[in-house]
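Have a look at data-v2.txt; it's compact mmCIF, C-alpha atoms:
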# COMPACT_ATOMS: atom_id res chain seq x y z
CA MET A 1 52.44 -5.32 20.33
CA GLU A 2 51.87 -1.67 19.58
CA HIS A 3 49.19 -2.61 17.01
CA MET A 4 47.32 -4.68 19.62
CA GLN A 5 47.46 -1.79 22.09
CA ILE A 6 45.95 0.54 19.49
CA ILE A 7 43.11 -1.91 18.83
CA GLU A 8 42.54 -2.32 22.59
CA GLN A 9 42.39 1.45 23.10
CA PHE A 10 40.06 1.75 20.12
CA ASN A 11 37.77 -0.96 21.49
CA THR A 12 37.69 0.71 24.91
CA LEU A 13 36.67 3.98 23.29
CA ILE A 14 33.94 2.26 21.27
CA ASN A 15 32.67 0.50 24.41
CA ASN A 16 32.36 3.79 26.23
CA ILE A 17 30.53 5.39 23.33
CA ILE A 18 28.04 2.64 22.46
CA ASN A 19 26.68 2.33 25.98
CA ARG A 20 25.71 6.00 25.85
CA VAL A 21 23.94 5.75 22.49
CA THR A 22 20.15 5.29 22.47
CA LEU A 23 20.22 3.48 19.12
CA GLN A 24 20.64 -0.28 19.21
CA ILE A 25 24.24 -1.31 18.51
CA LEU A 26 25.53 -4.78 17.71
CA ILE A 27 29.08 -5.87 17.00
CA MET A 28 29.33 -9.22 15.22
CA GLU A 29 32.20 -11.28 13.90
CA ARG A 30 32.12 -10.97 10.13
CA ASP A 31 32.88 -14.60 9.24
CA THR A 32 30.84 -16.48 11.85
CA GLY A 33 28.14 -13.98 12.77
CA ALA A 34 28.96 -14.50 16.44
CA MET A 35 27.81 -11.72 18.72
CA LEU A 36 30.75 -9.85 20.23
CA LYS A 37 29.04 -6.86 21.83
CA THR A 38 25.59 -5.31 22.34
CA ASN A 39 24.70 -2.04 24.00
CA GLU A 40 21.98 -1.48 26.59
CA ALA A 41 19.38 -0.41 24.01
CA ALA A 42 19.83 -3.64 22.03
CA MET A 43 19.82 -5.74 25.20
CA ALA A 44 16.56 -4.15 26.35
CA LYS A 45 14.94 -5.00 23.00
CA MET A 46 16.16 -8.60 23.22
CA LEU A 47 14.75 -8.99 26.74
CA ASP A 48 11.42 -7.57 25.59
CA ASP A 49 11.19 -9.82 22.51
CA PHE A 50 12.94 -13.20 22.62
CA GLU A 51 12.41 -13.79 18.86
CA TYR A 52 14.04 -10.51 17.94
CA MET A 53 17.75 -11.37 17.87
CA GLY A 54 17.29 -14.50 15.77
CA LYS A 55 15.13 -12.66 13.25
CA LEU A 56 17.51 -9.70 13.20
CA THR A 57 20.71 -11.68 12.66
CA GLU A 58 19.03 -13.68 9.90
CA ALA A 59 17.98 -10.47 8.15
CA LEU A 60 21.45 -8.93 8.59
CA SER A 61 23.10 -11.99 7.03
CA HIS A 62 21.54 -11.12 3.67
CA HIS A 63 23.25 -7.72 3.50
CA ASP A 64 26.90 -7.38 2.56
CA VAL A 65 28.77 -4.60 4.34
CA SER A 66 31.76 -4.24 2.04
CA LYS A 67 32.62 -0.78 3.32
CA SER A 68 31.87 1.34 6.35
CA GLY A 69 28.75 3.45 6.20
CA ALA A 70 26.61 0.97 4.24
CA GLN A 71 22.94 1.82 4.86
CA PHE A 72 19.84 -0.30 4.33
CA GLU A 73 16.34 -0.97 5.64
CA LEU A 74 15.15 -4.22 7.22
CA ASN A 75 11.52 -5.32 7.41
CA PHE A 76 10.45 -8.44 9.27
CA GLU A 77 7.88 -9.68 11.79
CA SER A 78 8.84 -10.55 15.36
CA ASN A 79 6.57 -11.43 18.26
CA GLY A 80 3.52 -10.57 16.15
CA GLN A 81 4.76 -7.08 15.25
CA GLU A 82 5.86 -5.68 11.88
CA LEU A 83 9.27 -4.08 12.37
CA THR A 84 11.02 -1.50 10.20
CA LEU A 85 14.67 -0.91 11.05
CA LEU A 86 17.10 1.56 9.53
CA VAL A 87 20.58 0.03 9.71
CA MET A 88 24.08 1.37 9.14
CA GLY A 89 26.98 -1.09 8.99
CA HIS A 90 30.66 -0.40 9.68
CA ALA A 91 33.63 -2.74 9.22
CA LEU A 92 36.14 -2.57 12.08
CA PRO A 93 38.65 -4.64 14.06
CA TRP A 94 37.34 -5.86 17.41
CA GLU A 95 39.45 -7.82 19.89
CA ASP A 96 41.74 -9.09 17.09
CA LYS A 97 38.71 -10.18 15.02
CA ASP A 98 37.35 -8.88 11.72
CA ALA A 99 34.00 -7.46 12.86
CA LEU A 100 30.94 -5.53 11.76
CA LEU A 101 29.33 -2.83 13.88
CA TYR A 102 25.63 -2.18 13.21
CA THR A 103 23.70 0.84 14.42
CA ILE A 104 19.96 0.17 14.35
CA ASP A 105 17.18 2.74 14.47
CA ASP A 106 13.75 1.18 15.08
CA VAL A 107 11.35 3.35 13.05
CA SER A 108 8.43 0.90 13.20
CA GLU A 109 6.04 3.27 14.99
CA ALA A 110 6.87 6.17 12.67
CA THR A 111 6.42 3.92 9.64
CA LYS A 112 3.07 2.71 10.98
CA GLU A 113 1.90 6.28 11.53
CA ILE A 114 2.94 7.24 8.00
CA LYS A 115 1.03 4.27 6.58
CA GLU A 116 -2.05 5.24 8.59
CA LEU A 117 -1.82 8.80 7.28
CA GLU A 118 -1.43 7.53 3.71
CA ASN A 119 -4.41 5.24 4.22
CA PHE A 120 -6.45 8.21 5.43
CA ALA A 121 -5.26 10.40 2.55
CA TYR A 122 -5.83 7.80 -0.18
CA HIS A 123 -9.04 6.04 0.90
CA ASP A 124 -12.70 6.91 0.69
CA SER A 125 -14.08 6.83 4.23
CA LEU A 126 -17.58 5.66 3.22
CA THR A 127 -16.71 2.71 0.97
CA ASN A 128 -13.11 2.04 2.09
CA LEU A 129 -12.17 2.01 -1.59
CA HIS A 130 -9.31 4.11 -2.89
CA ASN A 131 -10.24 7.74 -3.49
CA ARG A 132 -9.80 10.11 -6.44
CA THR A 133 -6.37 11.29 -5.29
CA TYR A 134 -4.98 7.77 -5.19
CA GLY A 135 -6.73 6.69 -8.37
CA MET A 136 -5.34 9.58 -10.39
CA ARG A 137 -1.90 9.02 -8.93
CA ILE A 138 -1.91 5.36 -10.04
CA LEU A 139 -3.46 6.19 -13.42
CA ASN A 140 -0.68 8.66 -14.22
CA LYS A 141 1.94 6.24 -12.88
CA TRP A 142 0.69 3.42 -15.11
CA LEU A 143 0.61 5.75 -18.10
CA ASP A 144 4.21 6.82 -17.42
CA GLU A 145 5.22 3.16 -17.15
CA LYS A 146 3.51 2.37 -20.48
CA ARG A 147 1.42 -0.35 -18.86
CA GLU A 148 -1.50 -2.05 -20.58
CA PHE A 149 -4.79 -1.90 -18.71
CA VAL A 150 -8.45 -1.01 -19.00
CA LEU A 151 -9.98 2.08 -17.40
CA LEU A 152 -13.60 1.72 -16.37
CA PHE A 153 -15.71 4.76 -15.50
CA ALA A 154 -19.00 4.00 -13.72
CA ASP A 155 -21.92 6.13 -12.58
CA LEU A 156 -24.85 5.18 -10.33
CA ASP A 157 -28.39 5.70 -11.56
CA ARG A 158 -30.89 7.74 -9.56
CA LEU A 159 -28.73 8.32 -6.48
CA LYS A 160 -30.16 11.83 -6.03
CA TYR A 161 -33.70 10.44 -6.19
CA ILE A 162 -32.94 7.84 -3.51
CA ASN A 163 -31.29 10.48 -1.32
CA ASP A 164 -34.20 12.92 -1.72
CA VAL A 165 -37.05 10.44 -1.32
CA PHE A 166 -35.67 7.73 0.99
CA GLY A 167 -32.91 9.64 2.81
CA HIS A 168 -29.14 9.87 2.69
CA GLU A 169 -28.76 6.73 4.81
CA GLU A 170 -30.30 4.75 1.94
CA GLY A 171 -28.13 6.66 -0.50
CA ASP A 172 -25.02 5.72 1.46
CA LYS A 173 -26.06 2.05 1.42
CA TYR A 174 -26.40 2.30 -2.36
CA ILE A 175 -22.91 3.81 -2.68
CA ILE A 176 -21.39 1.14 -0.41
CA SER A 177 -23.20 -1.68 -2.21
CA ALA A 178 -21.91 -0.50 -5.60
CA GLY A 179 -18.37 -0.34 -4.23
CA ASN A 180 -18.64 -3.87 -2.84
CA HIS A 181 -19.85 -5.24 -6.17
CA LEU A 182 -17.03 -3.48 -8.04
CA ARG A 183 -14.56 -5.39 -5.88
CA ALA A 184 -15.45 -8.42 -8.02
CA PHE A 185 -12.83 -7.35 -10.56
CA PRO A 186 -9.77 -9.64 -10.32
CA LYS A 187 -6.96 -9.09 -7.84
CA GLY A 188 -4.66 -6.32 -9.00
CA ALA A 189 -7.45 -3.99 -10.10
CA ILE A 190 -7.48 -0.55 -8.46
CA ILE A 191 -11.06 0.37 -7.53
CA CYS A 192 -11.72 4.02 -6.64
CA ARG A 193 -14.67 6.12 -5.68
CA LEU A 194 -14.09 9.42 -7.45
CA GLY A 195 -16.79 11.12 -5.42
CA GLY A 196 -20.59 11.26 -5.27
CA ASP A 197 -21.96 8.58 -7.58
CA GLU A 198 -18.82 8.10 -9.71
CA TYR A 199 -16.30 5.28 -9.66
CA MET A 200 -13.15 4.41 -11.59
CA ALA A 201 -11.44 1.04 -11.94
CA LEU A 202 -7.96 0.46 -13.37
CA ILE A 203 -7.88 -3.16 -14.49
CA PRO A 204 -4.67 -4.92 -15.62
CA ASN A 205 -4.53 -8.26 -17.44
CA MET A 206 -7.88 -7.80 -19.19
CA THR A 207 -8.91 -6.70 -22.66
CA GLU A 208 -11.49 -3.97 -23.11
CA ASP A 209 -14.10 -6.56 -24.16
CA GLU A 210 -13.35 -8.75 -21.13
CA ALA A 211 -13.60 -5.79 -18.78
CA THR A 212 -16.88 -4.69 -20.37
CA GLN A 213 -18.33 -8.19 -19.92
CA LYS A 214 -17.22 -8.25 -16.30
CA ALA A 215 -18.73 -4.79 -15.75
CA ALA A 216 -22.03 -6.03 -17.19
CA ALA A 217 -22.03 -8.94 -14.73
CA ILE A 218 -21.27 -6.58 -11.85
CA ALA A 219 -24.08 -4.21 -12.92
CA THR A 220 -26.51 -7.14 -13.01
CA ALA A 221 -25.40 -8.26 -9.55
CA LEU A 222 -25.93 -4.72 -8.23
CA GLU A 223 -29.40 -4.47 -9.79
CA THR A 224 -30.45 -7.84 -8.31
CA ASP A 225 -28.86 -7.32 -4.88
CA LYS A 226 -30.86 -9.27 -2.28
CA TYR A 227 -31.07 -6.11 -0.18
CA LEU A 228 -33.52 -4.73 -2.77
CA ALA A 229 -36.03 -7.58 -2.45
CA ASP A 230 -38.54 -5.58 -0.39
CA LYS A 231 -37.51 -2.06 -1.38
CA GLU A 232 -39.47 0.56 -3.30
CA PHE A 233 -36.45 1.56 -5.37
CA THR A 234 -33.91 -0.08 -7.63
CA TYR A 235 -30.16 0.15 -8.08
CA GLY A 236 -28.43 0.56 -11.43
CA MET A 237 -24.99 1.33 -12.81
CA SER A 238 -23.88 2.70 -16.17
CA TYR A 239 -20.28 2.27 -17.30
CA GLY A 240 -17.77 2.80 -20.06
CA CYS A 241 -14.47 1.01 -20.65
CA VAL A 242 -11.35 2.22 -22.47
CA GLY A 243 -8.41 -0.06 -23.23
CA VAL A 244 -4.97 1.53 -22.78
CA THR A 245 -2.02 0.06 -24.68
CA LYS A 246 1.75 0.44 -24.38
CA THR A 247 1.69 2.79 -27.36
CA ASN A 248 -0.85 5.13 -25.77
CA THR A 249 -0.06 8.85 -26.00
CA SER A 250 -3.30 10.24 -24.54
CA PRO A 251 -3.13 11.90 -21.11
CA ALA A 252 -5.21 10.75 -18.16
CA LYS A 253 -7.78 13.53 -18.68
CA THR A 254 -8.49 12.41 -22.25
CA ILE A 255 -8.81 8.73 -21.32
CA LEU A 256 -11.21 9.55 -18.49
CA SER A 257 -13.23 11.78 -20.81
CA THR A 258 -13.50 8.98 -23.39
CA ALA A 259 -14.65 6.50 -20.73
CA ASP A 260 -17.16 9.09 -19.47
CA GLU A 261 -18.59 9.49 -22.99
CA LYS A 262 -18.94 5.72 -23.33
CA MET A 263 -20.67 5.61 -19.96
CA TYR A 264 -23.26 8.17 -21.12
CA VAL A 265 -23.88 6.19 -24.31
CA HIS A 266 -24.56 3.16 -22.14
CA LYS A 267 -26.80 5.18 -19.78
CA ARG A 268 -28.88 6.57 -22.67
CA ALA A 269 -29.26 3.09 -24.17
CA ARG A 270 -30.51 1.71 -20.86
CA LYS A 271 -33.02 4.55 -20.50
CA ALA A 272 -34.30 3.84 -23.99
CA GLU A 273 -34.73 0.15 -23.13
CA ARG A 274 -36.75 1.03 -20.02
CA ARG A 275 -39.07 3.28 -22.04
CA ASP A 276 -39.64 0.43 -24.51

When written as structure tokens, how does the structure in this file appear?
Amino acid sequence: MEHMQIIEQFNTLINNIINRVTLQILIMERDTGAMLKTNEAAMAKMLDDFEYMGKLTEALSHHDVSKSGAQFELNFESNGQELTLLVMGHALPWEDKDALLYTIDDVSEATKEIKELENFAYHDSLTNLHNRTYGMRILNKWLDEKREFVLLFADLDRLKYINDVFGHEEGDKYIISAGNHLRAFPKGAIICRLGGDEYMALIPNMTEDEATQKAAAIATALETDKYLADKEFTYGMSYGCVGVTKTNTSPAKTILSTADEKMYVHKRARKAERRD
């Protein structure tokens, strides 16, 4: 009898507390998942989004709360919105049942804002490709992970001439067109505009020869772009590829430098062909 009175007093205290808390709070029976208690914040969310509770309880069922204070993150879509929830679970007795109390902090808006900031920080605004900062970050990450991939370094021909003679609007179209053609590398490749007329691609699941052949096809597609049919200028791209293996010990700077040297060899060869 005394034990039941203690539980009743405890539950009354919890009831008083949870209705004052702005976080969402759910109390569920551990074995059945039946809802025993929700606070006003959780109820307001349920009334606003009728899919929410079903999606939430399904997501919670995949997380074991073996001890109080277990923390985890939930990500799911409800009512057309991507939700990110920070959850803390507590085991407790509730009305003579073995229960779990969840406190839920909806950080979806903050997470969205962070993603938008990252997108701004890591993307090139003109081409919507990744930028140098992101490209170098991934390059160093892949090197640390001992991944196998090919690094392609590409440079546009005569961009300054097009800018000077035909205007920067034409130059921007050239830069965007090159970026669009470079997207032809298979899914999983990281395509970056390093700045100006320079690009870098990090290409997994390809050999150096395969990447070079693909780069040649992309360069041809750029040079024969239908946009150029009635133009007084041409597009062109020079490139160099370097295969990186699991046993690589060279730093990012050295690999980029090697690809840059190969690109200039290719550029000089193409200039020689044009003179012939």

Do you know which residues are at most 7 Å from region 177-188 of chain A counting only C-alpha atoms, after dropping those on the same chain fewer than 4 positions away, and could you put them as a PDB file with C-alpha atoms, in the coordinates of the input?
ATOM      1  CA  THR A 127     -16.710   2.710   0.970  1.00  0.00           C
ATOM      2  CA  LYS A 173     -26.060   2.050   1.420  1.00  0.00           C
ATOM      3  CA  PRO A 204      -4.670  -4.920 -15.620  1.00  0.00           C
ATOM      4  CA  ILE A 218     -21.270  -6.580 -11.850  1.00  0.00           C
ATOM      5  CA  LEU A 222     -25.930  -4.720  -8.230  1.00  0.00           C
TER       6      LEU A 222
END

Need to verify the contact set: Met28 (chain A), 6 Å, all atoms listed in the file, exclusion of same-chain residues closer than 6 positions in sequence. Can you return it as a ChimeraX atom specification? /A:34-36,99-100

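Proximity ranking of A:Ser78, A:Lys45, A:Glu232, A:Asn39 relative to Ala59 (chain A) places A:Ser78 first, based on all atoms listed in the file.
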
List every protein, DNA or RNA residue that has at least one atom no more than 12 Å from (-8.0, 11.5, -19.6) in the file's coordinates, counting only C-alpha atoms, and write the result as a PyMOL selection string. chain A and resi 136+139-140+143+151-153+200+242+244+248-261

Take the selection from the previous step and output its residues with C-alpha atoms, as a short mmCIF file (atom, residue, chain, number, x, y, z; two decimals), in the coordinates of the input.
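After the write, selection.cif holds the following:
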data_model
loop_
_atom_site.label_atom_id
_atom_site.label_comp_id
_atom_site.auth_asym_id
_atom_site.auth_seq_id
_atom_site.Cartn_x
_atom_site.Cartn_y
_atom_site.Cartn_z
CA MET A 136 -5.34 9.58 -10.39
CA LEU A 139 -3.46 6.19 -13.42
CA ASN A 140 -0.68 8.66 -14.22
CA LEU A 143 0.61 5.75 -18.10
CA LEU A 151 -9.98 2.08 -17.40
CA LEU A 152 -13.60 1.72 -16.37
CA PHE A 153 -15.71 4.76 -15.50
CA MET A 200 -13.15 4.41 -11.59
CA VAL A 242 -11.35 2.22 -22.47
CA VAL A 244 -4.97 1.53 -22.78
CA ASN A 248 -0.85 5.13 -25.77
CA THR A 249 -0.06 8.85 -26.00
CA SER A 250 -3.30 10.24 -24.54
CA PRO A 251 -3.13 11.90 -21.11
CA ALA A 252 -5.21 10.75 -18.16
CA LYS A 253 -7.78 13.53 -18.68
CA THR A 254 -8.49 12.41 -22.25
CA ILE A 255 -8.81 8.73 -21.32
CA LEU A 256 -11.21 9.55 -18.49
CA SER A 257 -13.23 11.78 -20.81
CA THR A 258 -13.50 8.98 -23.39
CA ALA A 259 -14.65 6.50 -20.73
CA ASP A 260 -17.16 9.09 -19.47
CA GLU A 261 -18.59 9.49 -22.99
#

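One finds CA of Leu85 (chain A) at 5.8 Å from CA of Val107 (chain A).
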
Fill-in result for region 215-226 of chain A, all heavy atoms as a tab-separated table (two decimals), in the coordinates of the input:
chain	number	residue	atom	x	y	z
A	215	ALA	N	-17.95	-5.92	-16.24
A	215	ALA	CA	-18.73	-4.79	-15.75
A	215	ALA	C	-20.22	-5.06	-15.88
A	215	ALA	O	-21.01	-4.69	-15.00
A	215	ALA	CB	-18.34	-3.52	-16.49
A	216	ALA	N	-20.61	-5.69	-16.98
A	216	ALA	CA	-22.03	-6.03	-17.19
A	216	ALA	C	-22.51	-7.00	-16.12
A	216	ALA	O	-23.62	-6.86	-15.58
A	216	ALA	CB	-22.22	-6.63	-18.58
A	217	ALA	N	-21.66	-7.97	-15.77
A	217	ALA	CA	-22.03	-8.94	-14.73
A	217	ALA	C	-22.13	-8.24	-13.37
A	217	ALA	O	-23.03	-8.55	-12.57
A	217	ALA	CB	-21.00	-10.06	-14.69
A	218	ILE	N	-21.24	-7.31	-13.11
A	218	ILE	CA	-21.27	-6.58	-11.85
A	218	ILE	C	-22.52	-5.70	-11.76
A	218	ILE	O	-23.18	-5.63	-10.72
A	218	ILE	CB	-19.99	-5.72	-11.70
A	218	ILE	CG1	-18.78	-6.63	-11.46
A	218	ILE	CG2	-20.13	-4.69	-10.58
A	218	ILE	CD1	-17.45	-5.93	-11.51
A	219	ALA	N	-22.87	-5.05	-12.89
A	219	ALA	CA	-24.08	-4.21	-12.92
A	219	ALA	C	-25.32	-5.05	-12.66
A	219	ALA	O	-26.23	-4.63	-11.92
A	219	ALA	CB	-24.18	-3.50	-14.26
A	220	THR	N	-25.37	-6.25	-13.24
A	220	THR	CA	-26.51	-7.14	-13.01
A	220	THR	C	-26.58	-7.56	-11.55
A	220	THR	O	-27.66	-7.59	-10.94
A	220	THR	CB	-26.39	-8.38	-13.90
A	220	THR	OG1	-26.42	-7.98	-15.28
A	220	THR	CG2	-27.54	-9.36	-13.65
A	221	ALA	N	-25.43	-7.87	-10.96
A	221	ALA	CA	-25.40	-8.26	-9.55
A	221	ALA	C	-25.87	-7.11	-8.66
A	221	ALA	O	-26.58	-7.33	-7.66
A	221	ALA	CB	-23.99	-8.69	-9.16
A	222	LEU	N	-25.50	-5.89	-9.00
A	222	LEU	CA	-25.93	-4.72	-8.23
A	222	LEU	C	-27.44	-4.54	-8.34
A	222	LEU	O	-28.12	-4.30	-7.34
A	222	LEU	CB	-25.21	-3.48	-8.74
A	222	LEU	CG	-25.63	-2.14	-8.12
A	222	LEU	CD1	-25.28	-2.12	-6.63
A	222	LEU	CD2	-24.95	-0.97	-8.84
A	223	GLU	N	-27.96	-4.68	-9.55
A	223	GLU	CA	-29.40	-4.47	-9.79
A	223	GLU	C	-30.25	-5.54	-9.11
A	223	GLU	O	-31.42	-5.29	-8.79
A	223	GLU	CB	-29.67	-4.47	-11.29
A	223	GLU	CG	-29.09	-3.26	-12.00
A	223	GLU	CD	-29.11	-3.41	-13.52
A	223	GLU	OE1	-29.70	-4.40	-14.01
A	223	GLU	OE2	-28.53	-2.55	-14.20
A	224	THR	N	-29.69	-6.73	-8.90
A	224	THR	CA	-30.45	-7.84	-8.31
A	224	THR	C	-29.99	-8.13	-6.88
A	224	THR	O	-30.22	-9.22	-6.36
A	224	THR	CB	-30.29	-9.11	-9.17
A	224	THR	OG1	-28.90	-9.43	-9.31
A	224	THR	CG2	-30.89	-8.90	-10.55
A	225	ASP	N	-29.34	-7.16	-6.25
A	225	ASP	CA	-28.86	-7.32	-4.88
A	225	ASP	C	-30.03	-7.75	-3.98
A	225	ASP	O	-31.12	-7.17	-4.04
A	225	ASP	CB	-28.28	-5.99	-4.40
A	225	ASP	CG	-27.47	-6.13	-3.12
A	225	ASP	OD1	-28.02	-6.63	-2.13
A	225	ASP	OD2	-26.29	-5.74	-3.13
A	226	LYS	N	-29.79	-8.75	-3.13
A	226	LYS	CA	-30.86	-9.27	-2.28
A	226	LYS	C	-31.41	-8.21	-1.32
A	226	LYS	O	-32.55	-8.32	-0.84
A	226	LYS	CB	-30.38	-10.49	-1.51
A	226	LYS	CG	-29.22	-10.21	-0.56
A	226	LYS	CD	-28.77	-11.50	0.13
A	226	LYS	CE	-27.61	-11.23	1.09
A	226	LYS	NZ	-27.15	-12.48	1.75
